[in-house]
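Below: one structure, written as structure tokens.
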Amino acid sequence: MPGNGWQVMASFRRDDSVTQQRLKPGTVKRIAGYARPYIRELVFFLALNSLAAVIVVANPLLLKAIIDSGIVPGKQKVVVWLAVAVAGLALLEAVLGLAQRWYSARIGEGLIYDLRTQVFGHVQRQPVAFFMRAQTGSLVSRLNSDVIGAQRALTTTLSSVVSNVISLVLVLITMLVLSWQVTLIALLLLPIFVFPAKWVGKRLQRVSREQMQLDAEMSSLMTERFNVAGAMLAKLYGRPAEEEENFSGRAARVRDIGIVAAMYGRVFFTALTLVAALATAMVYGVGGFLVVDGTLELGTLVALATLLTRMYGPLTALSNVHVDVMTALVSFDRVFEVLDLKPLIDDKEGAGELARPQPNGDRTAVAAPAIEFDRVEFRYPAADEVSLASLESIARSDTSPGRDVLHEVSFTVPPGAMVALVGPSGAGKSTITHLVSRLYDATDGAVRIGGQDVRDVTLDSLRTQVGVVSQDAHLFHDSIRENMRYARPDATDEQIIGALESAYIGDLIADMPDGLDTVVGDRGYRLSGGEKQRLAIARLLLKEPSVVVLDEATAHLDSESEAAVQRALRTALAGRTSLVIAHRLSTIREADQILVVDDGRVVERGRHEDLLLEGGLYAELYRTQFATQNGHAGELDDLTVEPLPAE
């Protein structure tokens, strides 16, 4: 069976289990909406497929005419002209093939672009809680495998159904007209081909699934060992010989299953070719007898044999068309599942801009609004509120409601003031800072900046004015210049250099061979911890926010690095309203107010000296965690390390 044998084999490798899945109502109508911008291209595409299907029948009929009307009667001129017609038809078929491919690529790639950009933009708008639960690999799969599977519904699957139906109908009608006896014999052989092919196809499905699983396991091992953090851990704690043996074992399983899959494929293709050859032999045997008997013309026999090779392909492809269609629809459904996940944090209807305060002229050129927490309650959202089970694992067992974290939290940070948050690990300090930048929304109460509820303003205007430096500053695998411009895309090199100098890292960058073009590496691993933090502070200074949030920005740094970061922070905080999770005595003493947080409540507030005199929790924290810093301003002694909550 020339040309379409492997295509048929691929059809038998489809997973029948997909037909058991239920689609959401309106899925097909929604798909039509994505096809609407390409309706003109689709019409031309299907017309070209129909025309190509007609050529499938036209070629054998021309061969019949050459033999019966030209060769047998000895009419050379007829032979020449019909041969020219065959050549012209072949040329037309080639042009049609190119046109089909162009329209298929235009529609398919256009649809992939539409879906990918829409899904990417939608995922970007999801809250941080979504990314804490969703598996990165699952998200990438939706943007790659499922999107590509979805576009096949409008290109490969649709065109295959149309062309195969037209081809099969025309071939069968033509064969019946030419010789119903030979056609009947050819159809009787069909079960001999289909049933063994189905049997082999079932095993191909199982082998293919196992092959994909083993490939995924091997890829996961390489991903874990080849990223910077994984490579460091493997070198520090791993045993090279055992690591190599572990990988060798997985690679061997991939090799073995690859051999099995290759043999199943070859057995199938051999059987396919054998059945086609037997059918051709039988047609020639029966048809040849009829030709000798004078009841069938020689050209008709040749045409029938040619048409036979073009009948089995469409028949077998259409036998699995329901699987192909459902596979494409399910891919669409999985993409829609992500698009239908409403972001928990989003602009409300009619949201306004967060007003930027004007400089007061007497303290600093940076204008700063007040921050107000008004009886704020907060609980982390439950899993089904922020994510999809299919993006987390095969089966998510976590169905418990979110845990209450903050209770009746009220305080005010005056314009330009600095308030420090202290307290035991897990008390809720980081959660308070997350509410300022709307990484989460308060469950009850209100968080206001400049008198405006953060839920009533646009996220863009809020995050323009709120700058955050966390304990683990993230840098993209790009140049220092591009990492800086992430805060301000239109920044000039002079502005970037000015921000770097203000963060006390300008000289270091200038001494680098590539300067601003220096690539920082994956997550900034080519820089030290202190350098990453100062670069993050420089990025914040370039952004020029009016509100600064520091979430343990100097945690995990050595004494020298922390001293450099502290100098940069003084510049960043000057004249800005700031909320700081403090772990250093000097920061606490410089704070205009200290809030002591315990079990989600502000239990004490005041200045350093006043809180010491009260003899409460702050005094206890000071004795156990701050006192060792007294007189050692250049040394680091962490108060607490509170990671991003995972509730």
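By order in the structure tokens, chains are A, B, ...; within a chain, residues start at 1; ligands start at 1, following the order shown.
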Leaving out Pro37 in chain A and any residue of its chain fewer than 3 positions from it, which residues lie within 12 Å of it when counting only C-alpha atoms, given as a list in words?
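Residues meeting the cut-off are Ile31, Ala32, Gly33, Tyr34, Arg40, Glu41, Leu42, Val43, Arg106, Ile107, Gly110, Leu111 and Asp114 of chain A.
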With a distance cut-off of 7 Å and only C-alpha atoms, select the neighbouring residues of Pro127 in chain A, excluding the residue or stretch itself and same-chain residues fewer than 3 positions from it, and output the selection as a PyMOL selection string.
chain A and resi 130+343-345+439
Just checking: using only C-alpha atoms, which residue out of A:Val580, A:Ile66, A:Val162, A:Ala442 ends up closest to Ala52 in chain A?
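Result for the nearest residue to Ala52 in chain A: A:Val162.
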Could you list, as a list in words, every residue within 8 Å of Leu535 in chain A, counting only C-alpha atoms and ignoring same-chain residues fewer than 3 positions away?
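The neighbour list is Met484, Leu500, Ala503, Ile505, Glu531, Lys532, Ala538 and Arg539 of chain A.
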9 Å contact set for Tyr618 in chain A, only C-alpha atoms, chain neighbours under 4 positions out, as an MDAnalysis selection string:
chainID A and resid 422:423 596 604 608 611:612 614 622:623
Find the residues around Gln495 in chain A up to 12 Å (only C-alpha atoms counted), leave out those fewer than 5 positions away in its own chain, and share them as a ChimeraX atom specification.
/A:481,484-485,487-490,500-502,506,538-539,541-544
Kindly export the residues of the current selection with C-alpha atoms, as an mmCIF file, in the first residue's frame.
```cif
data_model
loop_
_atom_site.group_PDB
_atom_site.id
_atom_site.type_symbol
_atom_site.label_atom_id
_atom_site.label_comp_id
_atom_site.auth_asym_id
_atom_site.auth_seq_id
_atom_site.Cartn_x
_atom_site.Cartn_y
_atom_site.Cartn_z
ATOM 1 C CA ARG A 481 20.623 44.986 31.568
ATOM 2 C CA MET A 484 17.043 45.507 35.310
ATOM 3 C CA ARG A 485 14.716 46.557 32.505
ATOM 4 C CA ALA A 487 11.270 46.745 36.272
ATOM 5 C CA ARG A 488 11.294 49.559 33.725
ATOM 6 C CA PRO A 489 11.401 48.522 30.041
ATOM 7 C CA ASP A 490 12.176 52.021 28.753
ATOM 8 C CA LEU A 500 23.201 50.051 40.321
ATOM 9 C CA GLU A 501 25.409 52.690 41.928
ATOM 10 C CA SER A 502 22.684 53.599 44.412
ATOM 11 C CA GLY A 506 27.785 49.695 40.245
ATOM 12 C CA ALA A 538 18.861 48.195 42.206
ATOM 13 C CA ARG A 539 15.972 46.848 40.130
ATOM 14 C CA LEU A 541 15.266 51.588 42.746
ATOM 15 C CA LEU A 542 14.957 51.707 38.962
ATOM 16 C CA LYS A 543 11.250 51.015 39.344
ATOM 17 C CA GLU A 544 10.927 53.975 41.754
#
```
Coordinates-based distance that separates CA of Pro60 in chain A from CA of Thr306 in chain A (Å, one decimal):
6.0 Å
Name all residues at most 12 Å from Met175 in chain A (count only C-alpha atoms; drop same-chain ones fewer than 3 positions away) and give them as a ChimeraX atom specification.
/A:57,60-61,167-172,178-187,283,300-311
Selection export as a PDB file, in the first residue's frame, atoms kept: C-alpha atoms:
```pdb
ATOM      1  CA  VAL A  57      -9.810   8.001  -8.893  1.00  0.00           C
ATOM      2  CA  PRO A  60      -6.436   4.737 -12.499  1.00  0.00           C
ATOM      3  CA  LEU A  61      -9.117   5.679 -15.034  1.00  0.00           C
ATOM      4  CA  SER A 167     -11.887   9.032  -1.745  1.00  0.00           C
ATOM      5  CA  LEU A 168     -13.583   5.917  -0.378  1.00  0.00           C
ATOM      6  CA  VAL A 169     -16.967   6.739  -1.918  1.00  0.00           C
ATOM      7  CA  LEU A 170     -15.467   7.529  -5.327  1.00  0.00           C
ATOM      8  CA  VAL A 171     -13.181   4.478  -5.269  1.00  0.00           C
ATOM      9  CA  LEU A 172     -15.968   2.079  -4.325  1.00  0.00           C
ATOM     10  CA  LEU A 178     -15.826  -1.390 -13.496  1.00  0.00           C
ATOM     11  CA  SER A 179     -16.444  -4.853 -12.010  1.00  0.00           C
ATOM     12  CA  TRP A 180     -18.730  -5.688  -9.124  1.00  0.00           C
ATOM     13  CA  GLN A 181     -17.284  -9.208  -8.918  1.00  0.00           C
ATOM     14  CA  VAL A 182     -13.698  -8.085  -8.350  1.00  0.00           C
ATOM     15  CA  THR A 183     -14.862  -5.347  -5.938  1.00  0.00           C
ATOM     16  CA  LEU A 184     -16.803  -7.883  -3.862  1.00  0.00           C
ATOM     17  CA  ILE A 185     -13.734 -10.129  -3.601  1.00  0.00           C
ATOM     18  CA  ALA A 186     -11.622  -7.151  -2.497  1.00  0.00           C
ATOM     19  CA  LEU A 187     -14.152  -6.247   0.230  1.00  0.00           C
ATOM     20  CA  VAL A 283      -7.644  -9.361  -8.066  1.00  0.00           C
ATOM     21  CA  THR A 300     -10.049  -2.214 -16.474  1.00  0.00           C
ATOM     22  CA  LEU A 301      -8.098  -4.896 -14.610  1.00  0.00           C
ATOM     23  CA  VAL A 302      -5.092  -2.581 -14.178  1.00  0.00           C
ATOM     24  CA  ALA A 303      -7.398   0.227 -12.999  1.00  0.00           C
ATOM     25  CA  LEU A 304      -9.069  -2.083 -10.464  1.00  0.00           C
ATOM     26  CA  ALA A 305      -5.720  -3.222  -9.068  1.00  0.00           C
ATOM     27  CA  THR A 306      -4.605   0.402  -8.722  1.00  0.00           C
ATOM     28  CA  LEU A 307      -7.879   1.450  -7.077  1.00  0.00           C
ATOM     29  CA  LEU A 308      -7.597  -1.462  -4.669  1.00  0.00           C
ATOM     30  CA  THR A 309      -4.394  -0.036  -3.198  1.00  0.00           C
ATOM     31  CA  ARG A 310      -6.266   3.222  -2.612  1.00  0.00           C
ATOM     32  CA  MET A 311      -9.230   1.655  -0.851  1.00  0.00           C
TER      33      MET A 311
END
```
For a quick check of understanding, using only C-alpha atoms, which of A:Ser248, A:Met263, A:Leu508, A:Val447 has the smallest distance to Arg203 in chain A?
A:Met263
Can you pull out every residue within 9 Å of Gly521 in chain A, counting only C-alpha atoms, but drop anything in the same chain fewer than 5 positions away, and send it as an NGL selection string?
:A and (475-479 or 526-527)
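When only C-alpha atoms are used to compute distances to Ala499 in chain A, the closest of the residues A:Arg534, A:His474, A:Arg523, A:Arg601 turns out to be A:Arg534.
Across the model, the gap from CA of Val405 in chain A to CA of Tyr380 in chain A is 7.2 Å.
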Best match for closeness to Leu143 in chain A among A:Leu82, A:Arg356, A:Thr433, A:Phe336, counting only C-alpha atoms:
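Using only C-alpha atoms, Leu143 in chain A sits closest to A:Phe336.
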Which one of A:Ala35, A:Val469, A:Leu221, A:Leu421 sits closest to Asn246 in chain A if you count only C-alpha atoms?
A:Leu221
Would you please extract all helix (DSSP H, G or I) residues from range 231-459 of chain A, as assigned by DSSP on the backbone, and give them as a PyMOL selection string?
chain A and resi 231-237+240-293+298-309+312-319+321-339+383-386+389-392+429-436+454-456+459
For Leu435 in chain A, the nearest of the candidates A:Glu349, A:Val386, A:Phe332, A:Glu372, counting only C-alpha atoms
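Under the stated criterion, the closest residue is A:Glu372.
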What separates CA of Phe45 in chain A and CA of Ala153 in chain A is a distance of 13.5 Å
